[in-house]
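> Below is the file model_20.txt, with compact mmCIF, C-alpha atoms and all ligand atoms.
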# COMPACT_ATOMS: atom_id res chain seq x y z
CA MET A 1 -29.78 -2.90 -9.88
CA ARG A 2 -32.07 -5.15 -11.87
CA LEU A 3 -33.89 -3.17 -14.60
CA PRO A 4 -37.68 -3.15 -14.52
CA LYS A 5 -38.84 -6.16 -16.46
CA PRO A 6 -41.04 -4.46 -19.08
CA LEU A 7 -38.12 -2.24 -20.08
CA ILE A 8 -35.76 -5.20 -20.42
CA ALA A 9 -38.24 -7.17 -22.44
CA GLN A 10 -38.84 -4.24 -24.75
CA THR A 11 -35.13 -3.62 -25.31
CA HIS A 12 -34.51 -7.26 -25.90
CA VAL A 13 -37.36 -7.70 -28.34
CA ALA A 14 -36.63 -4.44 -30.14
CA LEU A 15 -33.04 -5.45 -30.79
CA GLN A 16 -33.76 -9.06 -31.59
CA PRO A 17 -36.85 -9.06 -33.73
CA HIS A 18 -36.14 -12.58 -34.99
CA ALA A 19 -35.46 -14.24 -31.65
CA PRO A 20 -37.38 -17.50 -31.31
CA GLN A 21 -40.47 -17.23 -29.12
CA THR A 22 -39.48 -20.21 -27.00
CA ARG A 23 -36.13 -18.73 -26.15
CA LEU A 24 -35.75 -17.90 -22.52
CA ASP A 25 -35.10 -14.37 -21.28
CA PRO A 26 -32.26 -14.70 -18.74
CA MET A 27 -33.12 -11.37 -17.14
CA SER A 28 -36.40 -12.75 -15.90
CA ASP A 29 -35.18 -16.25 -15.08
CA PRO A 30 -34.62 -16.83 -11.33
CA ARG A 31 -31.73 -19.20 -12.06
CA PHE A 32 -29.76 -16.32 -13.57
CA ALA A 33 -30.62 -14.10 -10.58
CA LEU A 34 -28.23 -16.24 -8.51
CA LEU A 35 -25.40 -14.67 -10.50
CA ASP A 36 -26.16 -11.37 -8.77
CA GLU A 37 -24.62 -12.76 -5.60
CA ILE A 38 -21.15 -13.47 -6.96
CA HIS A 39 -18.17 -11.19 -7.05
CA ASP A 40 -17.43 -11.63 -10.78
CA LEU A 41 -18.97 -9.34 -13.35
CA VAL A 42 -21.08 -11.63 -15.53
CA LEU A 43 -22.48 -10.92 -18.98
CA VAL A 44 -24.48 -13.52 -20.88
CA LEU A 45 -24.57 -13.23 -24.66
CA ASP A 46 -26.84 -14.67 -27.28
CA PRO A 47 -25.07 -16.52 -30.08
CA ASP A 48 -25.32 -13.31 -32.13
CA ARG A 49 -23.24 -11.57 -29.39
CA THR A 50 -26.12 -9.54 -28.03
CA VAL A 51 -25.92 -8.94 -24.28
CA VAL A 52 -28.99 -10.67 -22.81
CA PHE A 53 -28.01 -10.69 -19.15
CA VAL A 54 -25.96 -8.41 -16.90
CA ASN A 55 -25.49 -9.44 -13.27
CA ARG A 56 -25.60 -6.90 -10.46
CA GLY A 57 -21.81 -6.52 -10.24
CA ALA A 58 -21.53 -5.91 -13.97
CA ALA A 59 -24.47 -3.49 -13.95
CA VAL A 60 -22.72 -1.46 -11.23
CA ARG A 61 -19.30 -1.42 -12.93
CA LEU A 62 -20.29 -1.44 -16.61
CA GLY A 63 -23.76 0.10 -16.49
CA ALA A 64 -27.05 -1.74 -16.93
CA MET A 65 -27.70 0.07 -20.19
CA HIS A 66 -25.56 -2.46 -22.02
CA LEU A 67 -28.42 -4.89 -22.02
CA GLY A 68 -29.57 -5.64 -25.56
CA ARG A 69 -26.45 -4.11 -27.12
CA PRO A 70 -23.82 -5.95 -29.14
CA PHE A 71 -21.04 -7.16 -26.79
CA ILE A 72 -18.31 -5.52 -28.86
CA HIS A 73 -19.88 -2.13 -28.11
CA VAL A 74 -19.65 -2.90 -24.41
CA ILE A 75 -16.05 -4.09 -24.20
CA ARG A 76 -14.00 -2.78 -27.07
CA ASN A 77 -10.89 -4.82 -26.58
CA PRO A 78 -9.25 -7.02 -29.25
CA GLN A 79 -7.95 -9.56 -26.69
CA CYS A 80 -11.45 -9.99 -25.30
CA LEU A 81 -12.87 -10.37 -28.79
CA ASP A 82 -10.28 -13.04 -29.46
CA LEU A 83 -11.54 -15.04 -26.44
CA LEU A 84 -15.07 -14.76 -27.79
CA GLU A 85 -13.98 -15.99 -31.20
CA GLN A 86 -12.16 -19.00 -29.69
CA VAL A 87 -15.40 -20.08 -28.02
CA GLU A 88 -17.43 -19.42 -31.16
CA ARG A 89 -15.02 -21.66 -33.07
CA GLY A 90 -15.78 -24.50 -30.69
CA ALA A 91 -13.59 -24.14 -27.59
CA ALA A 92 -15.49 -24.88 -24.37
CA SER A 93 -13.86 -21.88 -22.74
CA ALA A 94 -11.04 -19.37 -23.15
CA ALA A 95 -9.45 -17.11 -20.53
CA ASP A 96 -6.90 -14.33 -20.33
CA THR A 97 -5.76 -11.49 -18.09
CA ILE A 98 -6.74 -8.25 -19.77
CA THR A 99 -6.24 -4.62 -18.80
CA LEU A 100 -9.21 -2.49 -19.77
CA ARG A 101 -9.13 1.29 -19.98
CA THR A 102 -12.85 1.54 -20.72
CA PRO A 103 -15.64 1.13 -19.84
CA THR A 104 -14.22 0.44 -16.42
CA PRO A 105 -10.48 0.73 -15.87
CA GLY A 106 -8.69 -2.17 -14.23
CA THR A 107 -7.04 -5.48 -14.87
CA PHE A 108 -9.46 -8.38 -15.16
CA ARG A 109 -9.24 -12.13 -15.37
CA ILE A 110 -11.76 -12.69 -18.17
CA ARG A 111 -13.17 -16.11 -18.91
CA VAL A 112 -15.49 -16.72 -21.85
CA SER A 113 -17.38 -20.01 -22.00
CA ARG A 114 -20.42 -21.58 -23.61
CA SER A 115 -23.31 -22.65 -21.43
CA ASP A 116 -26.62 -24.40 -21.94
CA ALA A 117 -27.77 -23.51 -18.45
CA GLY A 118 -31.28 -22.11 -18.56
CA ASN A 119 -31.37 -22.49 -22.33
CA ASP A 120 -34.48 -24.55 -22.75
CA THR A 121 -34.26 -24.87 -26.53
CA ARG A 122 -30.74 -26.41 -26.10
CA GLU A 123 -29.96 -25.47 -29.69
CA THR A 124 -27.93 -22.35 -29.37
CA PRO A 125 -25.84 -22.17 -26.23
CA PHE A 126 -25.41 -18.92 -24.41
CA ILE A 127 -21.97 -17.41 -24.16
CA VAL A 128 -20.97 -16.42 -20.64
CA VAL A 129 -18.37 -13.73 -20.05
CA ALA A 130 -17.14 -13.72 -16.43
CA MET A 131 -14.78 -10.91 -15.42
CA LEU A 132 -12.93 -10.80 -12.10
CA ASP A 133 -11.19 -7.54 -11.19
CA ILE A 134 -7.70 -8.50 -10.05
CA SER A 135 -6.21 -4.97 -10.05
CA GLU A 136 -5.67 -4.96 -6.27
CA GLN A 137 -4.04 -8.38 -6.36
CA ILE A 138 -1.72 -7.21 -9.14
CA ALA A 139 -0.85 -4.04 -7.22
CA ALA A 140 -0.09 -6.16 -4.12
CA GLU A 141 2.11 -8.50 -6.18
CA GLN A 142 3.91 -5.50 -7.63
CA MET A 143 4.47 -4.12 -4.13
CA ARG A 144 5.81 -7.45 -2.96
CA SER A 145 8.21 -7.75 -5.86
CA ASP A 146 9.35 -4.10 -5.44
CA PHE A 147 9.91 -4.87 -1.78
CA VAL A 148 12.07 -7.92 -2.50
CA ALA A 149 14.02 -5.92 -5.12
CA ASN A 150 14.57 -3.10 -2.62
CA VAL A 151 15.69 -5.41 0.19
CA SER A 152 18.07 -7.24 -2.13
CA HIS A 153 19.49 -3.96 -3.36
CA GLU A 154 19.94 -2.61 0.17
CA LEU A 155 21.71 -5.78 1.29
CA ARG A 156 23.83 -6.07 -1.82
CA SER A 157 25.50 -2.66 -1.47
CA PRO A 158 27.07 -3.33 1.96
CA LEU A 159 27.95 -6.88 0.92
CA THR A 160 29.72 -5.63 -2.20
CA ALA A 161 31.61 -3.10 -0.08
CA LEU A 162 32.56 -5.81 2.43
CA SER A 163 33.85 -8.17 -0.19
CA GLY A 164 35.92 -5.33 -1.69
CA PHE A 165 37.45 -4.55 1.72
CA ILE A 166 38.23 -8.23 2.33
CA GLU A 167 40.01 -8.44 -1.02
CA THR A 168 42.07 -5.36 -0.18
CA LEU A 169 42.96 -6.76 3.23
CA GLN A 170 44.06 -10.01 1.67
CA GLY A 171 46.04 -8.26 -1.06
CA PRO A 172 47.48 -4.72 -1.20
CA ALA A 173 46.83 -3.86 2.49
CA LYS A 174 48.00 -7.20 3.87
CA ASP A 175 51.02 -5.86 5.73
CA ASP A 176 49.78 -2.33 6.29
CA ALA A 177 48.53 -2.02 9.87
CA ASP A 178 47.08 1.50 9.37
CA ALA A 179 45.16 0.50 6.25
CA SER A 180 43.91 -2.66 8.00
CA ASP A 181 42.54 -0.57 10.86
CA ARG A 182 40.83 1.80 8.45
CA PHE A 183 39.26 -1.02 6.46
CA LEU A 184 38.12 -2.89 9.55
CA THR A 185 36.37 0.27 10.79
CA LEU A 186 34.64 0.61 7.42
CA MET A 187 33.68 -3.05 7.50
CA GLN A 188 32.19 -2.63 10.95
CA ALA A 189 30.08 0.28 9.65
CA GLU A 190 28.81 -1.83 6.73
CA THR A 191 27.91 -4.78 8.96
CA GLY A 192 26.16 -2.34 11.29
CA ARG A 193 24.12 -1.09 8.33
CA MET A 194 23.04 -4.62 7.42
CA THR A 195 22.16 -5.43 11.02
CA ARG A 196 20.08 -2.24 11.29
CA LEU A 197 18.31 -2.99 8.01
CA ILE A 198 17.36 -6.47 9.18
CA ALA A 199 16.24 -5.21 12.59
CA ASP A 200 14.07 -2.54 10.91
CA LEU A 201 12.56 -5.07 8.51
CA LEU A 202 11.68 -7.35 11.41
CA ASN A 203 10.21 -4.46 13.39
CA LEU A 204 8.15 -3.36 10.42
CA SER A 205 6.77 -6.81 9.79
CA LYS A 206 5.99 -7.25 13.49
CA VAL A 207 3.99 -4.01 13.68
CA GLU A 208 2.25 -4.75 10.38
CA GLY A 209 1.28 -8.20 11.59
CA ARG A 210 -0.33 -6.77 14.73
CA GLN A 211 -2.21 -4.01 12.91
CA ALA A 212 -5.67 -5.43 13.58
CA ALA A 213 -5.25 -5.65 17.35
CA ARG A 214 -5.19 -2.30 19.07
CA PRO A 215 -2.72 -2.24 22.00
CA THR A 216 -4.26 -2.11 25.44
CA ASP A 217 -1.45 -1.46 27.95
CA GLU A 218 -1.66 1.67 30.07
CA ILE A 219 1.13 3.98 28.96
CA GLU A 220 2.77 7.06 30.47
CA LEU A 221 4.10 9.21 27.62
CA GLN A 222 6.76 10.81 29.84
CA ARG A 223 8.35 7.38 30.25
CA ILE A 224 8.25 6.73 26.48
CA LEU A 225 9.96 10.05 25.74
CA ALA A 226 12.61 9.47 28.39
CA ARG A 227 13.42 5.99 27.03
CA ALA A 228 13.56 7.17 23.41
CA CYS A 229 15.73 10.13 24.35
CA THR A 230 18.24 7.90 26.14
CA LEU A 231 18.58 5.84 22.97
CA VAL A 232 19.47 8.82 20.74
CA GLN A 233 21.28 11.02 23.29
CA GLN A 234 24.76 9.85 22.33
CA ARG A 235 24.13 10.48 18.66
CA ALA A 236 22.67 13.91 19.44
CA ASP A 237 25.71 14.81 21.57
CA ASP A 238 28.09 13.64 18.83
CA ALA A 239 26.26 15.84 16.33
CA ASP A 240 26.17 18.79 18.74
CA LYS A 241 22.36 18.86 18.99
CA VAL A 242 20.36 19.68 22.11
CA ILE A 243 17.05 17.93 22.67
CA ARG A 244 14.65 20.26 24.53
CA PHE A 245 11.43 19.08 26.15
CA ASP A 246 8.17 20.90 26.75
CA ILE A 247 5.93 18.42 28.53
CA PRO A 248 3.16 19.21 31.05
CA SER A 249 3.84 17.67 34.45
CA GLU A 250 0.38 16.08 34.54
CA LEU A 251 -0.64 14.01 31.54
CA PRO A 252 -3.40 11.44 31.18
CA SER A 253 -2.21 7.93 30.41
CA ILE A 254 -3.05 6.39 27.03
CA ARG A 255 -3.63 2.87 25.75
CA GLY A 256 -0.63 1.69 23.80
CA ASP A 257 2.37 -0.56 23.29
CA GLU A 258 5.38 0.83 25.09
CA ASP A 259 8.10 -0.69 22.90
CA GLU A 260 6.39 0.37 19.68
CA LEU A 261 5.88 3.93 20.93
CA VAL A 262 9.53 4.13 22.00
CA GLN A 263 10.51 3.01 18.48
CA LEU A 264 8.22 5.66 17.01
CA VAL A 265 9.72 8.52 19.03
CA GLN A 266 13.23 7.16 18.55
CA ASN A 267 12.79 7.18 14.76
CA LEU A 268 11.50 10.77 14.77
CA LEU A 269 14.35 11.91 17.04
CA GLU A 270 16.98 10.08 14.95
CA ASN A 271 15.68 11.82 11.81
CA ALA A 272 15.68 15.19 13.55
CA VAL A 273 19.31 14.60 14.58
CA LYS A 274 20.33 13.27 11.16
CA TYR A 275 18.68 15.89 8.98
CA SER A 276 19.63 19.10 10.79
CA ALA A 277 22.80 21.14 11.12
CA PRO A 278 25.17 20.88 14.12
CA GLY A 279 24.44 23.36 16.89
CA THR A 280 20.69 23.44 16.26
CA ALA A 281 18.05 22.35 18.77
CA ILE A 282 15.39 19.67 18.57
CA ASP A 283 12.12 20.46 20.34
CA VAL A 284 9.89 17.74 21.71
CA SER A 285 6.49 18.68 23.07
CA VAL A 286 3.32 16.96 24.23
CA THR A 287 -0.01 18.79 24.16
CA PRO A 288 -3.49 17.60 25.04
CA ASP A 289 -6.05 18.35 22.28
CA THR A 290 -9.78 18.11 22.51
CA ARG A 291 -10.39 17.80 18.80
CA THR A 292 -8.25 16.23 16.10
CA PRO A 293 -9.56 15.54 12.59
CA GLY A 294 -10.14 11.82 12.07
CA ILE A 295 -10.07 10.93 15.78
CA SER A 296 -13.08 10.92 18.04
CA GLY A 297 -12.43 12.07 21.59
CA PRO A 298 -9.45 13.82 23.16
CA THR A 299 -5.87 13.17 22.05
CA LEU A 300 -2.31 13.72 23.14
CA THR A 301 -0.09 15.20 20.43
CA VAL A 302 3.61 14.39 20.47
CA ALA A 303 5.51 16.84 18.26
CA VAL A 304 9.17 16.56 17.24
CA ARG A 305 10.46 19.75 15.64
CA ASP A 306 13.87 20.28 14.08
CA HIS A 307 15.43 23.40 12.63
CA GLY A 308 17.13 21.54 9.83
CA GLU A 309 17.03 21.39 6.06
CA GLY A 310 13.28 20.77 5.72
CA ILE A 311 11.54 18.68 3.06
CA ALA A 312 10.13 19.93 -0.25
CA ARG A 313 6.35 19.68 -0.49
CA GLU A 314 6.33 17.10 -3.31
CA HIS A 315 8.11 14.54 -1.11
CA LEU A 316 5.75 14.79 1.86
CA PRO A 317 3.08 12.31 0.68
CA ARG A 318 5.71 9.62 -0.03
CA LEU A 319 7.86 9.92 3.11
CA THR A 320 6.23 7.00 4.92
CA GLU A 321 6.69 4.58 1.99
CA ARG A 322 9.20 1.85 2.68
CA PHE A 323 12.69 2.67 1.37
CA TYR A 324 11.69 6.18 0.30
CA ARG A 325 14.49 8.70 0.78
CA VAL A 326 14.41 12.32 -0.36
CA ASP A 327 18.08 12.24 -1.28
CA ASP A 328 18.83 8.62 -2.02
CA HIS A 329 22.60 8.99 -2.13
CA ARG A 330 22.90 11.07 1.03
CA GLY A 331 20.34 8.99 2.90
CA ARG A 332 22.38 5.88 2.15
CA LYS A 333 25.61 7.57 3.21
CA SER A 334 24.08 8.59 6.51
CA GLY A 335 23.24 4.93 7.11
CA GLY A 336 19.50 5.32 6.53
CA THR A 337 17.46 2.65 4.81
CA GLY A 338 14.21 4.59 4.46
CA LEU A 339 12.26 2.30 6.79
CA GLY A 340 12.05 4.58 9.85
CA LEU A 341 8.96 6.54 8.85
CA ALA A 342 7.26 3.40 7.48
CA ILE A 343 7.58 1.96 11.00
CA VAL A 344 6.27 5.24 12.46
CA LYS A 345 3.24 5.12 10.15
CA HIS A 346 2.36 1.56 11.13
CA VAL A 347 2.77 2.21 14.85
CA VAL A 348 0.51 5.26 14.55
CA GLN A 349 -2.07 3.24 12.61
CA ARG A 350 -2.03 0.45 15.16
CA HIS A 351 -2.69 3.00 17.90
CA ARG A 352 -5.57 4.41 15.78
CA GLY A 353 -3.77 7.75 15.73
CA ARG A 354 -2.82 10.23 13.01
CA LEU A 355 0.57 11.39 11.68
CA HIS A 356 0.87 14.93 10.42
CA ILE A 357 4.03 16.33 8.80
CA GLU A 358 4.74 20.00 8.22
CA SER A 359 7.97 21.16 6.68
CA GLU A 360 9.58 24.13 5.02
CA VAL A 361 12.78 23.87 3.02
CA GLY A 362 15.60 25.65 4.81
CA LYS A 363 13.59 26.13 8.01
CA GLY A 364 12.91 22.67 9.39
CA SER A 365 10.23 20.09 9.93
CA ILE A 366 7.68 19.16 12.51
CA PHE A 367 6.34 15.63 12.86
CA LYS A 368 3.14 15.46 14.91
CA VAL A 369 1.69 12.23 16.20
CA HIS A 370 -1.87 12.46 17.51
CA LEU A 371 -2.76 9.57 19.83
CA PRO A 372 -6.29 8.97 21.13
CA ILE A 373 -6.48 9.03 24.93
CA GLU A 374 -9.42 6.68 25.22
CA GLY A 375 -9.94 3.41 23.38
N1 LIG B 1 13.36 15.60 10.07
C1 LIG B 1 13.63 15.45 8.77
N2 LIG B 1 14.15 16.47 8.05
C2 LIG B 1 14.43 16.34 6.74
N3 LIG B 1 14.21 15.20 6.03
C3 LIG B 1 13.70 14.15 6.69
C4 LIG B 1 13.37 14.22 8.08
N4 LIG B 1 12.85 13.02 8.46
C5 LIG B 1 12.87 12.25 7.35
N5 LIG B 1 13.37 12.92 6.30
C6 LIG B 1 13.50 12.41 4.92
O1 LIG B 1 12.62 11.31 4.79
C7 LIG B 1 13.33 10.15 4.37
C8 LIG B 1 12.69 8.93 4.98
O2 LIG B 1 12.90 8.91 6.38
P1 LIG B 1 13.03 7.53 7.14
O3 LIG B 1 13.22 7.80 8.57
O4 LIG B 1 11.89 6.69 6.70
O5 LIG B 1 14.33 6.89 6.49
P2 LIG B 1 15.87 7.15 6.77
O6 LIG B 1 16.04 8.13 7.91
O7 LIG B 1 16.52 7.53 5.47
O8 LIG B 1 16.38 5.73 7.18
P3 LIG B 1 16.08 4.90 8.51
O9 LIG B 1 15.18 5.75 9.38
O10 LIG B 1 15.43 3.67 8.02
O11 LIG B 1 17.41 4.67 9.11
C9 LIG B 1 14.76 10.40 4.79
O12 LIG B 1 15.66 9.70 3.95
C10 LIG B 1 14.90 11.90 4.61
O13 LIG B 1 15.18 12.18 3.26
MG MG B 2 14.98 7.66 9.74
Before we go any further, please render this structure as structure tokens.
Ligand SMILES: Nc1ncnc2c1ncn2[C@@H]1O[C@H](COP(=O)(O)OP(=O)(O)OP(=O)(O)O)[C@@H](O)[C@H]1O
Ligand SMILES: [Mg+2]

Amino acid sequence: MRLPKPLIAQTHVALQPHAPQTRLDPMSDPRFALLDEIHDLVLVLDPDRTVVFVNRGAAVRLGAMHLGRPFIHVIRNPQCLDLLEQVERGAASAADTITLRTPTPGTFRIRVSRSDAGNDTRETPFIVVAMLDISEQIAAEQMRSDFVANVSHELRSPLTALSGFIETLQGPAKDDADASDRFLTLMQAETGRMTRLIADLLNLSKVEGRQAARPTDEIELQRILARACTLVQQRADDADKVIRFDIPSELPSIRGDEDELVQLVQNLLENAVKYSAPGTAIDVSVTPDTRTPGISGPTLTVAVRDHGEGIAREHLPRLTERFYRVDDHRGRKSGGTGLGLAIVKHVVQRHRGRLHIESEVGKGSIFKVHLPIEG
């Protein structure tokens, strides 16, 4: 991204007619070229704040045309100007975290310092502006803190309920056997909710941790579906739902992790049971496909279809986020924590598959998982 030398020299000279002849041109100095190899965006300024060097990273993000221009035309940000002024007043360096909207949006750790490096006259030090884009790091920190806030919130609600029930059992309901029974049942439900939340969190972190290593066991999908179905059968019976299967008798085996795939199907079946009306059916099918967008080679598609309430279009892209529930209040009441589909997404990713959700409000939803047959 280095500009052709004659052009740089011309720009530089044209904008700095009084620059001393002996002064070095950083753009043509091999020592400065080393700065092309680092991740930071680096700008070097003359003492009059003219940009005399732009490293490759900065040229890509900020544009090489800033060479020879006053720095304040390049980064118009008062905080950044303040750093520059601190160094001009004598500080060896000054740094701050600054969010820039232009010329390149993002949050940067910006450090301004004076440097004599490559300045052969040694009279007027260069000013070096090094900018490191930390937007991703900040987003990750935000995610982590949202996650902790969500977990705390999810654990606090059942704990608050439990402590309320304990108080009632110790006080007003002390000698009331019926009330005691009722409260103990409620307490059991709340402890169950906490246990499920912790189990889901552990499952999620386990799958996330293994993301890089694709599973290699030979898997029969029929077995996975049978195991998952056994796990939700009781709940389906209680809710008066029939699970119907449409699976070819001969299916190729796939490479996978049996326990993770059982969890995946179990989560989809539990949702289908939870978010549909009593008396409706849940259809599970497996179909071989020769072409699936995003996957090379043949796939097996596992589809779980319910005839329930459906999901409005605007929610679809966020369904697999941790703790996301379409109806927060109802989801909580039904014992859901909003981690099920996050687990599904990670299991699918680990198997290098694709998840596809189609839904229509009032008609039902279909969750399709495409799994590659060959590794
Ligand atoms: N088959 C479905 N029909 C309608 N809405 C669904 C369906 N599956 C998921 N949803 C919506 O997506 C949200 C997220 O689902 P997810 O499985 O991640 O969480 P959950 O079921 O609320 O809790 P968990 O699975 O952790 O017990 C649900 O709260 C629900 O609003
Ligand atoms: Mg769920």
> Enumerate as a CSV table (one decimal) with C-alpha atoms, in the coordinates of the input the residues within 7 Å of ligand MG 2 (chain B), counting all atoms listed in the file.

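That gives us selection15.csv:
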chain,number,residue,atom,x,y,z
A,267,ASN,CA,12.8,7.2,14.8
A,268,LEU,CA,11.5,10.8,14.8
A,270,GLU,CA,17.0,10.1,15.0
A,271,ASN,CA,15.7,11.8,11.8
A,336,GLY,CA,19.5,5.3,6.5
A,338,GLY,CA,14.2,4.6,4.5
A,339,LEU,CA,12.3,2.3,6.8
A,340,GLY,CA,12.0,4.6,9.8
A,341,LEU,CA,9.0,6.5,8.8
> How many Å separate CA of Arg114 (chain A) from CA of Cys80 (chain A)?
14.8 Å
> For Ile98 (chain A), find every residue with an atom within 7 Å (counting all atoms listed in the file), except residues of its own chain fewer than 4 positions away, and show them as a list in words.
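That gives Thr107, Phe108, Arg109 and Ile110 of chain A.
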> Which protein, DNA or RNA residues have an atom within 6 Å of ligand LIG 1 (chain B), counting all atoms listed in the file, as a ChimeraX atom specification?
/A:271-272,275,309-311,319-320,324-327,331,336-342,365
> Tell me, as number ranges by chain, which residues lie within 8 Å of Ala94 (chain A), counting all atoms listed in the file; anything in the same chain fewer than 2 positions away does not count.
A: 83-84, 86-87, 91-92, 96, 111-113
> Which value, in Å to one decimal, gives the distance between CA of Thr102 (chain A) and CA of Arg76 (chain A)?
7.8 Å
> Can you measure CA of Ala303 (chain A) to CA of Ser285 (chain A) for me? One decimal in Å is fine.
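Separation of CA of Ala303 (chain A) and CA of Ser285 (chain A): 5.2 Å.
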> Residues near Phe53 (chain A), anyone? I mean within 6 Å using all atoms listed in the file, not counting same-chain ones fewer than 2 positions away, as a list in words.
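Near neighbours after the sequence-gap exclusion: Pro26, Met27, Leu43, Val44 and Val51 of chain A.
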> Check the smallest atom-to-atom distance from each of A:Glu374, A:Asp146, A:Asp259, A:Glu250 to Arg227 (chain A) using all atoms listed in the file, then report the winner.
A:Asp259
> Dig up all the protein and nucleic acid residues within 9 Å of (8.5, 22.2, 3.0) in the file frame, using only C-alpha atoms, and format them as a PyMOL selection string.
chain A and resi 310-316+358-365
> Restricting the calculation to all atoms listed in the file: of A:Ala226, A:Leu202, A:Val128, A:Leu67, which residue gets closest to Thr50 (chain A)?
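So, comparing all the options, the nearest one is A:Leu67.
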> Could you give me, as a PDB file with C-alpha atoms, in the frame of the given file, the residues within 8 Å of Leu221 (chain A), counting all atoms listed in the file and dropping anything in the same chain fewer than 5 positions from it?

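File written: selection-v2.pdb
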ATOM      1  CA  LEU A 251      -0.640  14.010  31.540  1.00  0.00           C
ATOM      2  CA  SER A 253      -2.210   7.930  30.410  1.00  0.00           C
ATOM      3  CA  ILE A 254      -3.050   6.390  27.030  1.00  0.00           C
TER       4      ILE A 254
END
> In terms of the shortest atom-to-atom distance over all atoms listed in the file, which of A:Ser276, A:Thr287, A:Ser180, A:Ser135 is closest to Gln222 (chain A)?
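Closest residue, counting all atoms listed in the file: A:Thr287.
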> Find, counting all atoms listed in the file, the residue in A:Leu201, A:Val302, A:Ala58, A:Val207 that gets nearest to Met131 (chain A).
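Comparing A:Leu201, A:Val302, A:Ala58, A:Val207 against Met131 (chain A), the winner is A:Ala58.
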> Could you check the closest approach to Gln234 (chain A) for each of A:Ile138, A:Leu35, A:Phe147, A:Leu269 and tell me which residue wins, using all atoms listed in the file?
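Among A:Ile138, A:Leu35, A:Phe147, A:Leu269, it is A:Leu269 that comes nearest to Gln234 (chain A).
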> Considering only C-alpha atoms, can you say which of A:Arg61, A:His66, A:His346, A:Arg235 comes closest to Pro105 (chain A)?
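The answer is A:Arg61, which sits nearest to Pro105 (chain A).
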> What lies within 12 Å of Arg210 (chain A) using only C-alpha atoms, ignoring chain neighbours under 6 positions off, as a PyMOL selection string?
chain A and resi 203-204+257+260+346-347+349-351
